[in-house]
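Structure data (PDB, C-alpha atoms, pLDDT in the B column) from my_file-v6.pdb:
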```
ATOM      1  CA  MET B  20      54.004 -27.648  22.298  1.00 47.00           C
ATOM      2  CA  LYS B  21      52.749 -28.688  25.708  1.00 49.00           C
ATOM      3  CA  LYS B  22      54.866 -27.686  28.718  1.00 48.00           C
ATOM      4  CA  SER B  23      55.523 -30.317  31.336  1.00 47.00           C
ATOM      5  CA  THR B  24      54.278 -29.602  34.820  1.00 51.00           C
ATOM      6  CA  ILE B  25      56.613 -30.095  37.728  1.00 57.00           C
ATOM      7  CA  ALA B  26      54.931 -31.023  40.978  1.00 61.00           C
ATOM      8  CA  TYR B  27      56.798 -30.274  44.203  1.00 68.00           C
ATOM      9  CA  ARG B  28      55.654 -31.995  47.371  1.00 76.00           C
ATOM     10  CA  VAL B  29      57.022 -31.602  50.876  1.00 78.00           C
ATOM     11  CA  PHE B  30      56.524 -34.270  53.520  1.00 85.00           C
ATOM     12  CA  GLY B  31      57.585 -34.440  57.138  1.00 85.00           C
ATOM     13  CA  TYR B  32      59.215 -37.384  58.904  1.00 89.00           C
ATOM     14  CA  ASN B  33      60.089 -37.585  62.608  1.00 92.00           C
ATOM     15  CA  SER B  34      63.527 -39.121  63.005  1.00 95.00           C
ATOM     16  CA  PRO B  35      65.812 -39.748  66.006  1.00 96.00           C
ATOM     17  CA  ILE B  36      67.947 -36.757  64.934  1.00 95.00           C
ATOM     18  CA  GLY B  37      64.985 -34.393  64.496  1.00 93.00           C
ATOM     19  CA  PRO B  38      62.297 -33.684  61.932  1.00 91.00           C
ATOM     20  CA  LEU B  39      63.174 -34.371  58.307  1.00 92.00           C
ATOM     21  CA  TYR B  40      61.561 -32.396  55.507  1.00 89.00           C
ATOM     22  CA  CYS B  41      61.517 -34.398  52.286  1.00 88.00           C
ATOM     23  CA  VAL B  42      61.039 -32.430  49.058  1.00 87.00           C
ATOM     24  CA  PHE B  43      60.033 -34.295  45.916  1.00 87.00           C
ATOM     25  CA  GLU B  44      59.950 -33.153  42.305  1.00 83.00           C
ATOM     26  CA  ASN B  45      57.430 -35.536  40.846  1.00 81.00           C
ATOM     27  CA  THR B  46      58.826 -38.912  42.023  1.00 84.00           C
ATOM     28  CA  ALA B  47      62.448 -37.846  42.641  1.00 88.00           C
ATOM     29  CA  LEU B  48      63.697 -36.731  46.051  1.00 91.00           C
ATOM     30  CA  ILE B  49      65.495 -33.403  45.519  1.00 92.00           C
ATOM     31  CA  GLU B  50      66.058 -32.225  49.090  1.00 91.00           C
ATOM     32  CA  LEU B  51      66.108 -33.634  52.586  1.00 93.00           C
ATOM     33  CA  ALA B  52      66.366 -30.958  55.268  1.00 91.00           C
ATOM     34  CA  ILE B  53      67.082 -31.907  58.875  1.00 93.00           C
ATOM     35  CA  ASN B  54      65.544 -29.808  61.675  1.00 88.00           C
ATOM     36  CA  GLU B  55      64.833 -26.794  59.485  1.00 83.00           C
ATOM     37  CA  LYS B  56      62.812 -25.555  56.550  1.00 75.00           C
ATOM     38  CA  PRO B  57      63.994 -26.856  53.176  1.00 74.00           C
ATOM     39  CA  VAL B  58      66.051 -24.414  51.114  1.00 67.00           C
ATOM     40  CA  PHE B  59      64.371 -25.362  47.847  1.00 62.00           C
ATOM     41  CA  ILE B  60      60.846 -24.455  48.986  1.00 63.00           C
ATOM     42  CA  SER B  61      60.187 -20.815  49.828  1.00 57.00           C
ATOM     43  CA  GLU B  62      57.092 -21.383  51.952  1.00 60.00           C
ATOM     44  CA  LEU B  63      55.863 -24.372  53.904  1.00 57.00           C
ATOM     45  CA  PRO B  64      52.216 -24.771  54.827  1.00 57.00           C
ATOM     46  CA  GLU B  65      51.378 -24.650  58.555  1.00 59.00           C
ATOM     47  CA  SER B  66      50.924 -28.400  58.603  1.00 57.00           C
ATOM     48  CA  VAL B  67      53.367 -30.485  56.579  1.00 57.00           C
ATOM     49  CA  PRO B  68      51.803 -33.854  55.702  1.00 59.00           C
ATOM     50  CA  THR B  69      53.486 -36.996  56.955  1.00 62.00           C
ATOM     51  CA  LEU B  70      55.433 -38.973  54.393  1.00 65.00           C
ATOM     52  CA  ASN B  71      53.364 -42.013  53.482  1.00 62.00           C
ATOM     53  CA  ASN B  72      54.973 -44.198  50.819  1.00 78.00           C
ATOM     54  CA  SER B  73      57.842 -46.564  50.144  1.00 86.00           C
ATOM     55  CA  PHE B  74      60.409 -43.893  51.039  1.00 92.00           C
ATOM     56  CA  LYS B  75      58.887 -43.667  54.517  1.00 92.00           C
ATOM     57  CA  ALA B  76      59.383 -47.431  54.812  1.00 94.00           C
ATOM     58  CA  GLU B  77      63.007 -46.986  53.734  1.00 95.00           C
ATOM     59  CA  LEU B  78      63.581 -44.268  56.364  1.00 96.00           C
ATOM     60  CA  ASP B  79      61.906 -46.436  59.026  1.00 95.00           C
ATOM     61  CA  ALA B  80      64.177 -49.358  58.109  1.00 97.00           C
ATOM     62  CA  TYR B  81      67.289 -47.141  58.042  1.00 97.00           C
ATOM     63  CA  PHE B  82      66.629 -45.727  61.495  1.00 97.00           C
ATOM     64  CA  LYS B  83      65.958 -49.264  62.813  1.00 96.00           C
ATOM     65  CA  GLY B  84      69.365 -50.300  61.462  1.00 96.00           C
ATOM     66  CA  GLU B  85      67.862 -52.627  58.855  1.00 96.00           C
ATOM     67  CA  LEU B  86      68.509 -50.663  55.628  1.00 96.00           C
ATOM     68  CA  LYS B  87      72.041 -50.054  54.381  1.00 96.00           C
ATOM     69  CA  GLU B  88      71.362 -48.417  50.993  1.00 94.00           C
ATOM     70  CA  PHE B  89      68.437 -46.319  49.809  1.00 96.00           C
ATOM     71  CA  ALA B  90      66.594 -47.184  46.598  1.00 94.00           C
ATOM     72  CA  GLN B  91      64.655 -43.897  46.461  1.00 94.00           C
ATOM     73  CA  LYS B  92      65.193 -42.086  43.167  1.00 93.00           C
ATOM     74  CA  VAL B  93      67.078 -38.809  43.718  1.00 95.00           C
ATOM     75  CA  LYS B  94      67.777 -35.794  41.532  1.00 94.00           C
ATOM     76  CA  PHE B  95      70.284 -33.019  42.097  1.00 95.00           C
ATOM     77  CA  ALA B  96      68.228 -29.887  41.409  1.00 90.00           C
ATOM     78  CA  SER B  97      71.094 -27.667  42.544  1.00 91.00           C
ATOM     79  CA  GLY B  98      74.869 -27.638  42.664  1.00 94.00           C
ATOM     80  CA  THR B  99      77.727 -27.102  40.262  1.00 96.00           C
ATOM     81  CA  PRO B 100      79.016 -30.007  38.159  1.00 96.00           C
ATOM     82  CA  PHE B 101      81.937 -30.321  40.632  1.00 96.00           C
ATOM     83  CA  GLU B 102      79.594 -30.468  43.638  1.00 97.00           C
ATOM     84  CA  GLN B 103      77.401 -33.032  41.919  1.00 97.00           C
ATOM     85  CA  ARG B 104      80.455 -35.230  41.172  1.00 96.00           C
ATOM     86  CA  ILE B 105      81.312 -35.119  44.874  1.00 97.00           C
ATOM     87  CA  TRP B 106      77.743 -35.930  45.895  1.00 97.00           C
ATOM     88  CA  ARG B 107      77.623 -38.908  43.504  1.00 96.00           C
ATOM     89  CA  MET B 108      80.943 -40.165  44.930  1.00 96.00           C
ATOM     90  CA  LEU B 109      79.470 -40.109  48.461  1.00 96.00           C
ATOM     91  CA  ARG B 110      77.139 -42.937  47.518  1.00 94.00           C
ATOM     92  CA  LYS B 111      80.210 -45.160  47.034  1.00 95.00           C
ATOM     93  CA  VAL B 112      81.189 -44.917  50.710  1.00 96.00           C
ATOM     94  CA  PRO B 113      79.856 -48.111  52.314  1.00 96.00           C
ATOM     95  CA  TYR B 114      77.369 -48.048  55.175  1.00 96.00           C
ATOM     96  CA  GLY B 115      79.094 -48.010  58.540  1.00 95.00           C
ATOM     97  CA  GLU B 116      82.425 -46.851  57.097  1.00 96.00           C
ATOM     98  CA  THR B 117      84.099 -43.472  56.779  1.00 96.00           C
ATOM     99  CA  ARG B 118      86.381 -41.850  54.249  1.00 96.00           C
ATOM    100  CA  SER B 119      88.359 -38.615  54.368  1.00 95.00           C
ATOM    101  CA  TYR B 120      87.851 -35.333  52.560  1.00 95.00           C
ATOM    102  CA  LYS B 121      91.166 -36.121  50.843  1.00 94.00           C
ATOM    103  CA  TRP B 122      89.850 -39.504  49.651  1.00 95.00           C
ATOM    104  CA  ILE B 123      86.817 -37.832  48.041  1.00 96.00           C
ATOM    105  CA  ALA B 124      88.996 -35.109  46.463  1.00 95.00           C
ATOM    106  CA  GLY B 125      91.242 -37.741  44.899  1.00 95.00           C
ATOM    107  CA  ARG B 126      88.319 -39.797  43.599  1.00 94.00           C
ATOM    108  CA  VAL B 127      86.785 -36.804  41.782  1.00 94.00           C
ATOM    109  CA  GLY B 128      90.122 -35.924  40.147  1.00 93.00           C
ATOM    110  CA  SER B 129      91.044 -32.940  42.348  1.00 93.00           C
ATOM    111  CA  PRO B 130      93.493 -34.358  44.912  1.00 92.00           C
ATOM    112  CA  GLY B 131      94.301 -30.987  46.518  1.00 91.00           C
ATOM    113  CA  ALA B 132      90.711 -29.794  46.808  1.00 93.00           C
ATOM    114  CA  MET B 133      89.891 -30.962  50.352  1.00 92.00           C
ATOM    115  CA  ARG B 134      88.498 -27.551  51.337  1.00 93.00           C
ATOM    116  CA  ALA B 135      86.283 -27.452  48.214  1.00 95.00           C
ATOM    117  CA  VAL B 136      85.061 -30.956  49.075  1.00 95.00           C
ATOM    118  CA  GLY B 137      84.126 -29.764  52.564  1.00 94.00           C
ATOM    119  CA  GLN B 138      82.233 -26.807  51.107  1.00 95.00           C
ATOM    120  CA  ALA B 139      80.381 -29.086  48.684  1.00 96.00           C
ATOM    121  CA  LEU B 140      79.455 -31.455  51.512  1.00 95.00           C
ATOM    122  CA  GLY B 141      77.976 -28.513  53.408  1.00 94.00           C
ATOM    123  CA  LYS B 142      75.687 -27.875  50.419  1.00 95.00           C
ATOM    124  CA  ASN B 143      74.610 -31.507  50.006  1.00 96.00           C
ATOM    125  CA  PRO B 144      70.829 -31.297  49.467  1.00 95.00           C
ATOM    126  CA  LEU B 145      70.281 -34.960  50.409  1.00 96.00           C
ATOM    127  CA  PRO B 146      72.076 -35.757  53.690  1.00 96.00           C
ATOM    128  CA  ILE B 147      71.653 -39.329  54.954  1.00 97.00           C
ATOM    129  CA  ILE B 148      70.548 -40.522  51.477  1.00 97.00           C
ATOM    130  CA  VAL B 149      73.740 -39.115  49.925  1.00 97.00           C
ATOM    131  CA  PRO B 150      75.837 -39.882  53.025  1.00 97.00           C
ATOM    132  CA  CYS B 151      78.080 -36.861  53.603  1.00 96.00           C
ATOM    133  CA  HIS B 152      78.115 -37.780  57.308  1.00 97.00           C
ATOM    134  CA  ARG B 153      80.525 -40.614  56.416  1.00 97.00           C
ATOM    135  CA  ILE B 154      83.264 -38.131  55.501  1.00 96.00           C
ATOM    136  CA  ILE B 155      85.700 -37.188  58.254  1.00 95.00           C
ATOM    137  CA  ALA B 156      89.096 -35.482  58.485  1.00 91.00           C
ATOM    138  CA  ALA B 157      92.225 -37.475  57.600  1.00 89.00           C
ATOM    139  CA  ASP B 158      93.342 -37.322  61.255  1.00 91.00           C
ATOM    140  CA  GLY B 159      90.128 -39.075  62.318  1.00 91.00           C
ATOM    141  CA  SER B 160      88.407 -35.991  63.723  1.00 92.00           C
ATOM    142  CA  ILE B 161      84.741 -35.757  62.872  1.00 91.00           C
ATOM    143  CA  GLY B 162      84.715 -32.532  60.844  1.00 88.00           C
ATOM    144  CA  GLY B 163      81.523 -30.582  60.296  1.00 87.00           C
ATOM    145  CA  PHE B 164      77.977 -31.410  59.261  1.00 89.00           C
ATOM    146  CA  SER B 165      75.314 -29.076  57.904  1.00 86.00           C
ATOM    147  CA  SER B 166      72.815 -30.300  60.501  1.00 88.00           C
ATOM    148  CA  GLY B 167      75.235 -30.180  63.421  1.00 89.00           C
ATOM    149  CA  VAL B 168      78.050 -32.340  64.711  1.00 93.00           C
ATOM    150  CA  GLU B 169      75.779 -34.140  67.206  1.00 94.00           C
ATOM    151  CA  ALA B 170      73.566 -35.392  64.356  1.00 95.00           C
ATOM    152  CA  LYS B 171      76.693 -36.541  62.486  1.00 95.00           C
ATOM    153  CA  ARG B 172      77.970 -38.385  65.555  1.00 96.00           C
ATOM    154  CA  TRP B 173      74.570 -40.043  66.001  1.00 97.00           C
ATOM    155  CA  LEU B 174      74.467 -41.183  62.352  1.00 97.00           C
ATOM    156  CA  LEU B 175      78.031 -42.534  62.444  1.00 97.00           C
ATOM    157  CA  GLU B 176      77.426 -44.426  65.696  1.00 97.00           C
ATOM    158  CA  HIS B 177      74.071 -45.728  64.431  1.00 97.00           C
ATOM    159  CA  GLU B 178      75.676 -47.126  61.267  1.00 97.00           C
ATOM    160  CA  LYS B 179      78.706 -48.509  63.105  1.00 95.00           C
ATOM    161  CA  THR B 180      76.445 -50.311  65.603  1.00 94.00           C
ATOM    162  CA  ASN B 181      74.194 -51.761  62.867  1.00 94.00           C
ATOM    163  CA  LYS B 182      76.877 -52.517  60.248  1.00 86.00           C
ATOM    164  CA  GLU B 183      76.579 -56.304  60.328  1.00 78.00           C
TER     165      GLU B 183
END
```

In structure tokens, what does this structure look like?
Amino acid sequence: MKKSTIAYRVFGYNSPIGPLYCVFENTALIELAINEKPVFISELPESVPTLNNSFKAELDAYFKGELKEFAQKVKFASGTPFEQRIWRMLRKVPYGETRSYKWIAGRVGSPGAMRAVGQALGKNPLPIIVPCHRIIAADGSIGGFSSGVEAKRWLLEHEKTNKE
């Protein structure tokens, strides 16, 4: 029986919120790290090649305010079943809008699990693509973001400005 080979590739992309490191398993995006080395890859070469495909075009369009939803195939290579349910639910939050941690908890069938939702969002391997930045506290405060609150503010303002 022939074993399948998994090819991991890491590409760099310069964005307005800092460098993005995009990790692919074959054709699926499995991690997008902002400003720091990806968790999934133990070592990065000195020079990370620039992303050069349709996903780069999607990122370009997103940061220009022209793309509202990503078509790039993604795969959750990490996370518990609960975390993955939360991450899938994030894709239902429309561009330019926000929802609360409580809203997400209710939608995944755990209405009292706001803290667990916050912890799962902090582990989201695909920020921006799986838009955890769109989740804020019920009182309207911004909450946290794995890549820093300033990046979250930038993303929220960017989407709000380009919503139409």

Written as a PDB file with C-alpha atoms, in the coordinates of the input, which residues does the PyMOL selection byres ((chain B and resi 103) around 12) give for the file shown?
```pdb
ATOM      1  CA  VAL B  93      67.078 -38.809  43.718  1.00 95.00           C
ATOM      2  CA  LYS B  94      67.777 -35.794  41.532  1.00 94.00           C
ATOM      3  CA  PHE B  95      70.284 -33.019  42.097  1.00 95.00           C
ATOM      4  CA  ALA B  96      68.228 -29.887  41.409  1.00 90.00           C
ATOM      5  CA  SER B  97      71.094 -27.667  42.544  1.00 91.00           C
ATOM      6  CA  GLY B  98      74.869 -27.638  42.664  1.00 94.00           C
ATOM      7  CA  THR B  99      77.727 -27.102  40.262  1.00 96.00           C
ATOM      8  CA  PRO B 100      79.016 -30.007  38.159  1.00 96.00           C
ATOM      9  CA  PHE B 101      81.937 -30.321  40.632  1.00 96.00           C
ATOM     10  CA  GLU B 102      79.594 -30.468  43.638  1.00 97.00           C
ATOM     11  CA  ARG B 104      80.455 -35.230  41.172  1.00 96.00           C
ATOM     12  CA  ILE B 105      81.312 -35.119  44.874  1.00 97.00           C
ATOM     13  CA  TRP B 106      77.743 -35.930  45.895  1.00 97.00           C
ATOM     14  CA  ARG B 107      77.623 -38.908  43.504  1.00 96.00           C
ATOM     15  CA  MET B 108      80.943 -40.165  44.930  1.00 96.00           C
ATOM     16  CA  LEU B 109      79.470 -40.109  48.461  1.00 96.00           C
ATOM     17  CA  ARG B 110      77.139 -42.937  47.518  1.00 94.00           C
ATOM     18  CA  VAL B 127      86.785 -36.804  41.782  1.00 94.00           C
ATOM     19  CA  VAL B 136      85.061 -30.956  49.075  1.00 95.00           C
ATOM     20  CA  ALA B 139      80.381 -29.086  48.684  1.00 96.00           C
ATOM     21  CA  LEU B 140      79.455 -31.455  51.512  1.00 95.00           C
ATOM     22  CA  LYS B 142      75.687 -27.875  50.419  1.00 95.00           C
ATOM     23  CA  ASN B 143      74.610 -31.507  50.006  1.00 96.00           C
ATOM     24  CA  PRO B 144      70.829 -31.297  49.467  1.00 95.00           C
ATOM     25  CA  LEU B 145      70.281 -34.960  50.409  1.00 96.00           C
ATOM     26  CA  VAL B 149      73.740 -39.115  49.925  1.00 97.00           C
TER      27      VAL B 149
END
```

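Distances from B:Gly163, B:Gly137, B:Pro146, B:Pro113 to Asn54 of chain B were compared using all atoms listed in the file, and the smallest one belongs to B:Pro146.
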
Counting all atoms listed in the file, what is within 10 Å of Glu88 of chain B, bar same-chain residues fewer than 3 positions away, as JSON, numbers by chain? {"B": [77, 81, 85, 91, 110, 113, 114, 147, 148, 149, 150]}

Just-selected residues, C-alpha atoms written as a JSON list (two decimals), in the frame of the given file:
```json
[["chain", "number", "residue", "atom", "x", "y", "z"],
["B", 77, "GLU", "CA", 63.01, -46.99, 53.73],
["B", 81, "TYR", "CA", 67.29, -47.14, 58.04],
["B", 85, "GLU", "CA", 67.86, -52.63, 58.86],
["B", 91, "GLN", "CA", 64.66, -43.90, 46.46],
["B", 110, "ARG", "CA", 77.14, -42.94, 47.52],
["B", 113, "PRO", "CA", 79.86, -48.11, 52.31],
["B", 114, "TYR", "CA", 77.37, -48.05, 55.18],
["B", 147, "ILE", "CA", 71.65, -39.33, 54.95],
["B", 148, "ILE", "CA", 70.55, -40.52, 51.48],
["B", 149, "VAL", "CA", 73.74, -39.12, 49.92],
["B", 150, "PRO", "CA", 75.84, -39.88, 53.02]]
```

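The residues that lie within 12 Å of the point (68.4, -51.5, 57.5), counting all atoms listed in the file, are Ala76, Glu77, Leu78, Asp79, Ala80, Tyr81, Phe82, Lys83, Gly84, Glu85, Leu86, Lys87, Glu88, Phe89, Ala90, Tyr114, Gly115, His177, Glu178, Thr180, Asn181, Lys182 and Glu183 of chain B.
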
Within 8 Å of (61.1, -32.7, 57.1) (file coordinates; all atoms listed in the file), which protein or nucleic acid residues are there? I'd like them as a PyMOL selection string. chain B and resi 29-33+38-41+51-57

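Applied to the file shown here, the PyMOL selection byres ((chain B and resi 47) around 7) selects Phe43, Glu44, Asn45, Thr46, Leu48, Ile49, Lys92, Val93 and Lys94 of chain B.
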
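Note that atom CA of Gly159 of chain B and atom CA of Arg118 of chain B are 9.3 Å apart.
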